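Structure data follow from query12.cif (mmCIF, C-alpha atoms and all ligand atoms):
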```cif
data_target
#
loop_
_atom_site.label_atom_id
_atom_site.label_comp_id
_atom_site.auth_asym_id
_atom_site.auth_seq_id
_atom_site.Cartn_x
_atom_site.Cartn_y
_atom_site.Cartn_z
CA MET N 270 -68.37 136.23 -12.14
CA ASN N 271 -69.96 138.52 -9.56
CA THR N 272 -69.63 142.14 -10.54
CA ASP N 273 -72.22 143.65 -8.23
CA LYS N 274 -70.48 143.98 -4.84
CA LEU N 275 -73.77 143.70 -2.94
CA SER N 276 -74.47 140.29 -4.40
CA ILE N 277 -71.08 138.92 -3.47
CA ILE N 278 -71.22 135.91 -1.16
CA PRO N 279 -67.68 135.23 0.03
CA LYS N 280 -66.69 131.60 0.33
CA ILE N 281 -63.57 129.50 0.01
CA THR N 282 -63.14 125.95 -1.20
CA LEU N 283 -59.93 124.23 -0.12
CA LEU N 284 -59.53 121.76 -2.94
CA GLY N 285 -57.10 118.88 -3.17
CA ALA N 286 -56.00 118.36 -6.77
CA GLY N 287 -54.39 114.95 -6.32
CA PRO N 288 -50.80 113.97 -7.07
CA GLY N 289 -50.37 115.43 -10.55
CA ASP N 290 -52.35 113.66 -13.25
CA PRO N 291 -55.29 116.04 -13.83
CA ASP N 292 -57.66 113.08 -14.24
CA LEU N 293 -57.15 112.30 -10.56
CA LEU N 294 -59.15 115.35 -9.47
CA THR N 295 -62.51 114.40 -7.90
CA LEU N 296 -65.82 115.13 -9.58
CA LYS N 297 -66.69 117.36 -6.65
CA GLY N 298 -63.47 119.26 -7.34
CA VAL N 299 -64.47 119.81 -10.97
CA LYS N 300 -67.86 121.15 -9.84
CA ALA N 301 -66.17 123.55 -7.39
CA LEU N 302 -63.86 124.87 -10.12
CA GLN N 303 -66.84 125.40 -12.44
CA THR N 304 -68.30 127.91 -9.98
CA ALA N 305 -65.02 129.65 -9.11
CA ASP N 306 -64.64 133.41 -9.34
CA VAL N 307 -60.98 133.13 -8.38
CA VAL N 308 -58.54 130.20 -8.38
CA LEU N 309 -55.36 130.40 -6.31
CA TYR N 310 -53.15 127.50 -7.28
CA ASP N 311 -49.89 125.98 -6.12
CA ALA N 312 -46.80 124.62 -7.82
CA LEU N 313 -47.27 120.90 -8.70
CA ILE N 314 -50.74 121.70 -10.08
CA ASP N 315 -51.36 120.68 -13.67
CA GLU N 316 -52.53 123.94 -15.23
CA THR N 317 -55.05 122.18 -17.51
CA LEU N 318 -57.21 121.95 -14.38
CA LEU N 319 -57.72 125.70 -14.62
CA ASP N 320 -59.76 125.08 -17.79
CA PHE N 321 -62.58 123.77 -15.60
CA ALA N 322 -62.96 127.27 -14.14
CA PRO N 323 -64.96 129.88 -16.09
CA SER N 324 -62.76 131.78 -18.54
CA ALA N 325 -63.64 135.01 -16.72
CA ALA N 326 -62.35 133.66 -13.40
CA ILE N 327 -59.15 135.16 -12.04
CA LYS N 328 -56.36 132.57 -11.87
CA ILE N 329 -53.33 133.28 -9.76
CA TYR N 330 -50.24 131.15 -9.23
CA VAL N 331 -49.15 131.34 -5.59
CA GLY N 332 -46.73 128.43 -5.53
CA LYS N 333 -43.17 128.02 -4.51
CA ARG N 334 -40.81 126.53 -7.05
CA SER N 335 -37.23 125.32 -6.68
CA GLY N 336 -36.94 126.68 -3.19
CA GLU N 337 -37.98 130.12 -4.35
CA HIS N 338 -40.72 131.62 -2.23
CA ALA N 339 -43.10 133.19 -4.71
CA PHE N 340 -45.56 133.88 -1.91
CA GLU N 341 -45.24 133.53 1.82
CA GLN N 342 -48.04 131.72 3.61
CA ASP N 343 -49.31 134.96 5.19
CA ALA N 344 -49.59 136.57 1.79
CA ILE N 345 -51.53 133.58 0.45
CA ASN N 346 -53.91 133.70 3.42
CA ARG N 347 -54.55 137.39 2.90
CA LEU N 348 -55.00 137.08 -0.85
CA MET N 349 -57.47 134.27 -0.37
CA VAL N 350 -59.65 136.22 2.02
CA ASP N 351 -59.35 139.51 0.07
CA TYR N 352 -60.47 137.81 -3.11
CA ALA N 353 -63.34 136.03 -1.37
CA LEU N 354 -64.60 139.34 0.05
CA ASN N 355 -64.25 141.14 -3.27
CA TYR N 356 -65.14 138.48 -5.82
CA GLY N 357 -67.05 135.66 -4.12
CA HIS N 358 -66.00 132.05 -4.55
CA VAL N 359 -62.28 131.42 -4.16
CA VAL N 360 -61.05 127.95 -4.98
CA ARG N 361 -57.74 127.31 -3.25
CA LEU N 362 -56.29 124.53 -5.40
CA LYS N 363 -53.61 122.55 -3.63
CA GLY N 364 -51.45 119.53 -4.49
CA GLY N 365 -52.49 116.13 -3.17
CA ASP N 366 -54.73 116.48 -0.15
CA PRO N 367 -54.97 119.92 1.50
CA PHE N 368 -54.37 118.52 4.98
CA VAL N 369 -51.37 116.28 4.31
CA PHE N 370 -48.41 118.61 4.73
CA GLY N 371 -50.42 121.15 2.77
CA ARG N 372 -50.83 123.91 5.37
CA GLY N 373 -54.54 123.63 4.65
CA TYR N 374 -55.60 124.12 8.22
CA GLU N 375 -53.69 127.40 8.47
CA GLU N 376 -55.70 128.68 5.52
CA LEU N 377 -58.96 127.39 6.98
CA ASP N 378 -58.18 129.03 10.30
CA PHE N 379 -57.31 132.36 8.71
CA ALA N 380 -60.52 132.38 6.65
CA ASP N 381 -62.44 131.51 9.79
CA SER N 382 -61.01 134.54 11.59
CA TYR N 383 -62.69 136.68 8.91
CA SER N 384 -65.90 134.60 9.09
CA VAL N 385 -65.48 133.47 5.49
CA PRO N 386 -67.03 129.99 5.22
CA VAL N 387 -64.71 127.23 4.03
CA THR N 388 -65.56 123.93 2.37
CA VAL N 389 -62.92 121.23 2.18
CA ILE N 390 -62.74 118.85 -0.76
CA PRO N 391 -60.16 116.14 -0.08
CA GLY N 392 -57.73 115.12 -2.79
CA ILE N 393 -55.78 111.96 -3.44
CA SER N 394 -52.65 112.40 -1.38
CA SER N 395 -49.39 111.53 -3.10
CA SER N 396 -48.52 109.64 0.09
CA ILE N 397 -51.01 106.88 -0.72
CA GLY N 398 -51.85 107.51 -4.37
CA VAL N 399 -48.30 107.53 -5.74
CA PRO N 400 -47.30 104.18 -4.18
CA GLY N 401 -50.69 102.82 -5.27
CA LEU N 402 -50.20 103.89 -8.88
CA GLN N 403 -46.96 101.89 -8.78
CA GLN N 404 -48.94 98.93 -7.45
CA ILE N 405 -47.19 99.22 -4.12
CA PRO N 406 -49.89 98.86 -1.44
CA VAL N 407 -49.22 100.85 1.73
CA THR N 408 -50.79 98.04 3.74
CA HIS N 409 -50.92 94.37 2.86
CA ARG N 410 -52.40 91.53 4.85
CA GLY N 411 -49.66 89.62 6.62
CA MET N 412 -46.99 92.12 5.60
CA SER N 413 -47.82 95.62 6.77
CA GLU N 414 -50.37 96.50 9.41
CA SER N 415 -49.95 100.24 9.25
CA PHE N 416 -48.31 103.07 7.40
CA TRP N 417 -46.68 106.26 8.57
CA VAL N 418 -46.54 109.38 6.45
CA ILE N 419 -43.73 111.57 7.70
CA THR N 420 -42.15 114.77 6.52
CA GLY N 421 -38.43 114.59 5.86
CA THR N 422 -38.09 118.26 6.61
CA THR N 423 -39.79 119.75 9.65
CA SER N 424 -40.72 123.43 9.86
CA GLY N 425 -37.33 123.98 11.53
CA GLY N 426 -35.57 122.34 8.58
CA GLN N 427 -34.47 119.30 10.60
CA LEU N 428 -35.13 115.65 10.04
CA SER N 429 -38.29 114.61 11.86
CA ALA N 430 -37.56 112.59 14.99
CA ASP N 431 -40.53 110.41 14.03
CA ILE N 432 -38.46 108.82 11.26
CA ALA N 433 -36.06 107.14 13.70
CA GLN N 434 -39.03 105.81 15.61
CA ALA N 435 -40.83 104.61 12.48
CA ALA N 436 -37.66 102.90 11.29
CA THR N 437 -37.80 100.60 14.29
CA SER N 438 -41.41 99.57 13.55
CA ASN N 439 -42.86 97.14 11.01
CA ALA N 440 -44.91 99.91 9.43
CA THR N 441 -44.65 101.03 5.83
CA VAL N 442 -42.92 104.40 6.03
CA VAL N 443 -43.70 107.01 3.39
CA ILE N 444 -41.59 110.15 3.57
CA LEU N 445 -42.53 113.37 1.80
CA MET N 446 -40.10 116.24 1.28
CA GLY N 447 -37.25 113.90 2.16
CA LEU N 448 -35.26 113.47 -1.04
CA LYS N 449 -32.43 115.82 -0.05
CA LYS N 450 -32.15 114.04 3.26
CA LEU N 451 -32.22 110.52 1.81
CA PRO N 452 -28.64 109.69 2.94
CA GLU N 453 -29.42 110.72 6.54
CA ILE N 454 -32.74 108.88 6.49
CA VAL N 455 -31.11 105.72 5.22
CA GLU N 456 -28.66 105.86 8.16
CA LEU N 457 -31.60 105.80 10.57
CA PHE N 458 -32.97 102.65 8.95
CA LYS N 459 -29.52 101.04 9.01
CA ALA N 460 -29.17 101.92 12.69
CA ALA N 461 -32.48 100.11 13.25
CA GLY N 462 -31.02 96.98 11.62
CA LYS N 463 -32.99 97.47 8.39
CA ALA N 464 -30.19 97.55 5.80
CA ASP N 465 -31.98 94.95 3.65
CA LEU N 466 -35.41 96.50 3.87
CA PRO N 467 -36.91 97.18 0.42
CA ALA N 468 -37.08 100.87 -0.44
CA ALA N 469 -38.35 102.94 -3.34
CA VAL N 470 -38.16 106.52 -4.54
CA VAL N 471 -40.85 107.87 -6.84
CA GLN N 472 -40.35 111.16 -8.66
CA ASN N 473 -43.31 112.98 -10.22
CA GLY N 474 -45.74 110.16 -9.54
CA SER N 475 -48.72 110.09 -11.94
CA SER N 476 -47.08 112.62 -14.28
CA ALA N 477 -45.38 112.28 -17.65
CA ASN N 478 -41.89 112.51 -16.16
CA GLU N 479 -42.53 109.90 -13.50
CA LYS N 480 -39.49 107.94 -12.36
CA LEU N 481 -39.34 104.94 -10.05
CA ILE N 482 -36.24 103.66 -8.30
CA VAL N 483 -36.39 100.47 -6.27
CA GLY N 484 -33.76 98.83 -4.13
CA THR N 485 -32.99 98.32 -0.49
CA VAL N 486 -31.96 100.62 2.32
CA LYS N 487 -28.39 99.62 1.53
CA ASN N 488 -28.32 100.73 -2.10
CA ILE N 489 -31.18 103.19 -2.59
CA VAL N 490 -29.01 106.31 -2.21
CA GLU N 491 -26.67 105.16 -4.95
CA GLN N 492 -29.59 104.18 -7.22
CA ALA N 493 -31.32 107.52 -6.73
CA GLN N 494 -28.10 109.40 -7.49
CA LYS N 495 -27.46 107.30 -10.60
CA GLU N 496 -30.96 108.03 -11.90
CA GLN N 497 -30.66 111.71 -10.97
CA VAL N 498 -33.95 111.75 -9.13
CA GLN N 499 -35.36 115.20 -8.54
CA ALA N 500 -38.15 116.75 -6.51
CA PRO N 501 -41.01 116.26 -6.14
CA ALA N 502 -40.28 112.78 -4.99
CA LEU N 503 -41.36 110.57 -2.14
CA LEU N 504 -39.62 107.74 -0.36
CA ILE N 505 -41.17 104.41 0.55
CA PHE N 506 -39.57 102.06 3.05
CA GLY N 507 -41.13 98.70 3.84
CA GLU N 508 -41.63 95.08 2.89
CA VAL N 509 -44.54 96.14 0.68
CA VAL N 510 -42.04 97.58 -1.82
CA SER N 511 -41.02 93.99 -2.58
CA LEU N 512 -44.46 93.50 -4.14
CA HIS N 513 -43.51 95.77 -7.03
CA PRO N 514 -42.74 93.71 -10.16
CA SER N 515 -39.38 95.39 -10.85
CA PHE N 516 -38.25 94.71 -7.30
CA LYS N 517 -39.16 91.08 -7.75
CA SER N 518 -36.98 90.88 -10.85
CA LEU N 519 -34.17 92.66 -8.99
CA ILE N 520 -34.02 90.05 -6.25
CA LYS N 521 -34.38 87.05 -8.57
CA PRO N 522 -30.62 86.35 -8.80
CA TYR N 523 -30.40 86.04 -5.02
CA ALA N 524 -33.56 83.98 -4.87
CA SER N 525 -32.14 81.51 -7.40
CA ILE N 526 -28.95 81.06 -5.37
CA ALA N 527 -30.99 79.98 -2.37
N1 LIG F 601 -50.46 117.74 0.17
C1 LIG F 601 -49.57 116.94 -0.64
C2 LIG F 601 -48.16 116.92 -0.10
C3 LIG F 601 -47.50 118.28 -0.01
S1 LIG F 601 -45.84 118.19 0.50
C4 LIG F 601 -50.14 115.54 -0.80
O1 LIG F 601 -51.08 115.17 -0.09
O2 LIG F 601 -49.66 114.83 -1.68
C5 LIG F 601 -45.02 118.08 -1.06
C6 LIG F 601 -44.28 116.78 -1.14
O3 LIG F 601 -45.17 115.72 -1.50
C7 LIG F 601 -43.21 116.73 -2.20
O4 LIG F 601 -42.00 117.28 -1.73
C8 LIG F 601 -43.08 115.24 -2.42
O5 LIG F 601 -42.35 114.62 -1.38
C9 LIG F 601 -44.51 114.79 -2.31
N2 LIG F 601 -45.19 114.73 -3.62
C10 LIG F 601 -46.22 115.47 -4.03
N3 LIG F 601 -46.61 115.12 -5.27
C11 LIG F 601 -45.81 114.10 -5.63
C12 LIG F 601 -45.72 113.28 -6.79
N4 LIG F 601 -46.54 113.46 -7.82
N5 LIG F 601 -44.76 112.32 -6.84
C13 LIG F 601 -43.93 112.12 -5.78
N6 LIG F 601 -43.97 112.87 -4.66
C14 LIG F 601 -44.91 113.83 -4.58
#
```
Transcribe the structure of this file into structure tokens.
Ligand code: SAH
Amino acid sequence: MNTDKLSIIPKITLLGAGPGDPDLLTLKGVKALQTADVVLYDALIDETLLDFAPSAAIKIYVGKRSGEHAFEQDAINRLMVDYALNYGHVVRLKGGDPFVFGRGYEELDFADSYSVPVTVIPGISSSIGVPGLQQIPVTHRGMSESFWVITGTTSGGQLSADIAQAATSNATVVILMGLKKLPEIVELFKAAGKADLPAAVVQNGSSANEKLIVGTVKNIVEQAQKEQVQAPALLIFGEVVSLHPSFKSLIKPYASIA
């Protein structure tokens, strides 16, 4: 840790921690933590990752849990820059990838306005990593030529208009922050004639309390309610969901009738 103010070289590393399992942090991320003077970390971060930072480093939780705003974004931005100027290397540890619905660019921009240099270390985004861990590929030759990652809740709190558009496409649609709006989202897919489209909900992907629900647009709401799925969870809509082994076993009875 820098104690001599004159020797302090302020810098910030925006670090993506991956979807939850601490082993999914990159090697470059570990190296950044090892040289941290301060770590500012979010909710959804496995706290064992903090052990990579020197024991003398300052570690501050700045997350938001269960809708409770522990810190507003402005306060996080200011803390980050203040600590960089006073202590040196601030590692801003964020869930998934910093730039996938992570407000990472706002932090980069704020640091930039104080001329504090920022390095970005990407993380495994839950949007790709969580389906992948379930062996659900977001693209698959002959089945899905693209994937959309959409927020279920825009900054205004509404459902993103992109979802209705995506529902009419053949893309795999991954929705983050959409669990509460699952019934509304499902209606959009039904309206697009996709009632039988395979769908999945994954709660706490890559973590000990991971839960996977598979079904179709028609029954996914009921399944998710039955299994009492909770946040953080993401939604996957698309033919690719049918590649998951449990989905295959689900549709077997129908397949045998044919
Ligand atoms: N930057 C993050 C996403 C932040 S938005 C990333 O790249 O992964 C937070 C949302 O991501 C959650 O509401 C949830 O929809 C999703 N999410 C994050 N981690 C998850 C996990 N382990 N399992 C399922 N969904 C997850």
**Study point:** Residue neighbourhood Val369 of chain N, 10 Å, all atoms listed in the file, exclusion window fewer than 3 positions, as a list of chain:residue names
**Key:**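 Skipping anything fewer than 3 positions along the chain leaves N:Gly285, N:Gly364, N:Gly365, N:Asp366, N:Arg372, N:Gly373, N:Tyr374, N:Pro391, N:Gly392, N:Ile393, N:Ser394, N:Ser395, N:Ser396, N:Val418, N:Ile419, N:Thr420, N:Leu445.
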Would you write out those residues with C-alpha atoms, as a PDB file, in the frame of the given file?
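Saved as result_37.pdb:
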```pdb
ATOM      1  CA  GLY N 285     -57.100 118.880  -3.170  1.00  0.00           C
ATOM      2  CA  GLY N 364     -51.450 119.530  -4.490  1.00  0.00           C
ATOM      3  CA  GLY N 365     -52.490 116.130  -3.170  1.00  0.00           C
ATOM      4  CA  ASP N 366     -54.730 116.480  -0.150  1.00  0.00           C
ATOM      5  CA  ARG N 372     -50.830 123.910   5.370  1.00  0.00           C
ATOM      6  CA  GLY N 373     -54.540 123.630   4.650  1.00  0.00           C
ATOM      7  CA  TYR N 374     -55.600 124.120   8.220  1.00  0.00           C
ATOM      8  CA  PRO N 391     -60.160 116.140  -0.080  1.00  0.00           C
ATOM      9  CA  GLY N 392     -57.730 115.120  -2.790  1.00  0.00           C
ATOM     10  CA  ILE N 393     -55.780 111.960  -3.440  1.00  0.00           C
ATOM     11  CA  SER N 394     -52.650 112.400  -1.380  1.00  0.00           C
ATOM     12  CA  SER N 395     -49.390 111.530  -3.100  1.00  0.00           C
ATOM     13  CA  SER N 396     -48.520 109.640   0.090  1.00  0.00           C
ATOM     14  CA  VAL N 418     -46.540 109.380   6.450  1.00  0.00           C
ATOM     15  CA  ILE N 419     -43.730 111.570   7.700  1.00  0.00           C
ATOM     16  CA  THR N 420     -42.150 114.770   6.520  1.00  0.00           C
ATOM     17  CA  LEU N 445     -42.530 113.370   1.800  1.00  0.00           C
TER      18      LEU N 445
END
```
Report the closest atom pair, with its distance in Å rounded to one decimal, for each residue of chain N that has an atom no farther than 10 Å from ligand LIG 601 (chain F); count only C-alpha atoms and all ligand atoms, sort by chain and then rising residue number, and write it as CSV.
```
residue,atom,partner,partner_atom,distance
N:Gly285,CA,F:LIG601,N1,7.5
N:Ala286,CA,F:LIG601,C4,8.8
N:Gly287,CA,F:LIG601,O2,6.6
N:Pro288,CA,F:LIG601,N4,4.4
N:Gly289,CA,F:LIG601,N4,5.1
N:Asp290,CA,F:LIG601,N4,8.0
N:Ala312,CA,F:LIG601,C5,9.6
N:Leu313,CA,F:LIG601,N3,6.8
N:Ile314,CA,F:LIG601,N3,9.1
N:Lys363,CA,F:LIG601,N1,6.9
N:Gly364,CA,F:LIG601,C1,5.0
N:Gly365,CA,F:LIG601,C4,3.4
N:Asp366,CA,F:LIG601,O1,3.9
N:Pro367,CA,F:LIG601,N1,5.2
N:Phe368,CA,F:LIG601,N1,6.2
N:Val369,CA,F:LIG601,N1,4.5
N:Phe370,CA,F:LIG601,C3,4.8
N:Gly371,CA,F:LIG601,N1,4.3
N:Arg372,CA,F:LIG601,N1,8.1
N:Gly373,CA,F:LIG601,N1,8.5
N:Pro391,CA,F:LIG601,O1,9.1
N:Gly392,CA,F:LIG601,O1,7.2
N:Ile393,CA,F:LIG601,O1,6.6
N:Ser394,CA,F:LIG601,O1,3.4
N:Ser395,CA,F:LIG601,O2,3.6
N:Ser396,CA,F:LIG601,O2,5.6
N:Ile397,CA,F:LIG601,O2,8.1
N:Gly398,CA,F:LIG601,O2,8.1
N:Val399,CA,F:LIG601,N5,6.1
N:Pro400,CA,F:LIG601,C13,8.8
N:Val418,CA,F:LIG601,O1,9.8
N:Ile419,CA,F:LIG601,O5,9.7
N:Thr420,CA,F:LIG601,S1,7.8
N:Gly421,CA,F:LIG601,O5,8.2
N:Thr422,CA,F:LIG601,O4,9.3
N:Val443,CA,F:LIG601,O5,9.1
N:Ile444,CA,F:LIG601,O5,6.7
N:Leu445,CA,F:LIG601,O5,3.4
N:Met446,CA,F:LIG601,O4,3.7
N:Gly447,CA,F:LIG601,O5,6.2
N:Leu448,CA,F:LIG601,O5,7.2
N:Lys449,CA,F:LIG601,O4,9.8
N:Val470,CA,F:LIG601,C13,8.1
N:Val471,CA,F:LIG601,C13,5.4
N:Gln472,CA,F:LIG601,C13,4.7
N:Asn473,CA,F:LIG601,N5,3.7
N:Gly474,CA,F:LIG601,N5,3.6
N:Ser475,CA,F:LIG601,N4,5.8
N:Ser476,CA,F:LIG601,N4,6.5
N:Ala477,CA,F:LIG601,N4,10.0
N:Asn478,CA,F:LIG601,N4,9.6
N:Glu479,CA,F:LIG601,N5,7.4
N:Lys480,CA,F:LIG601,N5,8.8
N:Leu481,CA,F:LIG601,C13,9.5
N:Gln499,CA,F:LIG601,C13,9.5
N:Ala500,CA,F:LIG601,O4,6.2
N:Pro501,CA,F:LIG601,C8,4.4
N:Ala502,CA,F:LIG601,N6,3.7
N:Leu503,CA,F:LIG601,O5,4.2
N:Leu504,CA,F:LIG601,O5,7.5
```
Which is closer to Asp292 of chain N than all the others in N:Ser276, N:Thr317, N:Thr423, N:Gln434, using only C-alpha atoms?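 Ranking N:Ser276, N:Thr317, N:Thr423, N:Gln434 by distance to Asp292 of chain N, first place goes to N:Thr317.
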Checklist entry - Got a sec: who's within 10 Å of Glu414 of chain N, counting only C-alpha atoms, leaving out chain neighbours fewer than 3 positions off, as a list in words? => result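 Residues near the query, excluding close chain neighbours: Val407, Thr408, His409, Arg410, Gly411, Asn439, Ala440 and Thr441 of chain N.
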Residues of the last selection are to be written out with C-alpha atoms, as a PDB file, keeping the file's coordinate frame.
```pdb
ATOM      1  CA  VAL N 407     -49.220 100.850   1.730  1.00  0.00           C
ATOM      2  CA  THR N 408     -50.790  98.040   3.740  1.00  0.00           C
ATOM      3  CA  HIS N 409     -50.920  94.370   2.860  1.00  0.00           C
ATOM      4  CA  ARG N 410     -52.400  91.530   4.850  1.00  0.00           C
ATOM      5  CA  GLY N 411     -49.660  89.620   6.620  1.00  0.00           C
ATOM      6  CA  ASN N 439     -42.860  97.140  11.010  1.00  0.00           C
ATOM      7  CA  ALA N 440     -44.910  99.910   9.430  1.00  0.00           C
ATOM      8  CA  THR N 441     -44.650 101.030   5.830  1.00  0.00           C
TER       9      THR N 441
END
```
query: Can you tell me, as a list in words, what residues are no more than 12 Å from Asp378 of chain N when counting only C-alpha atoms, ignoring any on the same chain fewer than 4 positions away?
result: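 So the residues in contact are Ile281, Leu283, Asp343, Asn346, Arg347, Met349, Val350, Arg372, Gly373, Tyr374, Ser382, Tyr383, Ser384, Val385, Pro386, Val387 and Thr388 of chain N.
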If you count all atoms listed in the file, the residue of N:Ala380, N:Leu284, N:Leu428, N:Val299 closest to Val360 of chain N turns out to be N:Leu284
Could you write out as lines of an AutoDock Vina configuration file the box around segment 426-431 of chain N (axis-aligned, all atoms listed in the file, 4 Å on each side), with centre and edge lengths in Å to one decimal?
```
center_x = -37.5
center_y = 116.4
center_z = 11.8
size_x = 14.1
size_y = 19.9
size_z = 14.4
```
Students should find that atom CA of Pro514 of chain N and atom CA of Ile405 of chain N are spaced 9.3 Å
query: Using all atoms listed in the file, which residues sit within 9 Å of Asp311 of chain N once same-chain residues fewer than 3 positions away are excluded, as a list in words?
result: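 Once the nearby chain positions are removed, what remains is Ile314, Ile329, Tyr330, Val331, Gly332, Lys333, Arg361, Leu362, Lys363 and Gly364 of chain N.
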- Task: Using atom CA of Phe458 of chain N and atom CA of Ser438 of chain N as the two end points, give the distance in Å to one decimal.
- Result: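 These two atoms are separated by 10.1 Å.
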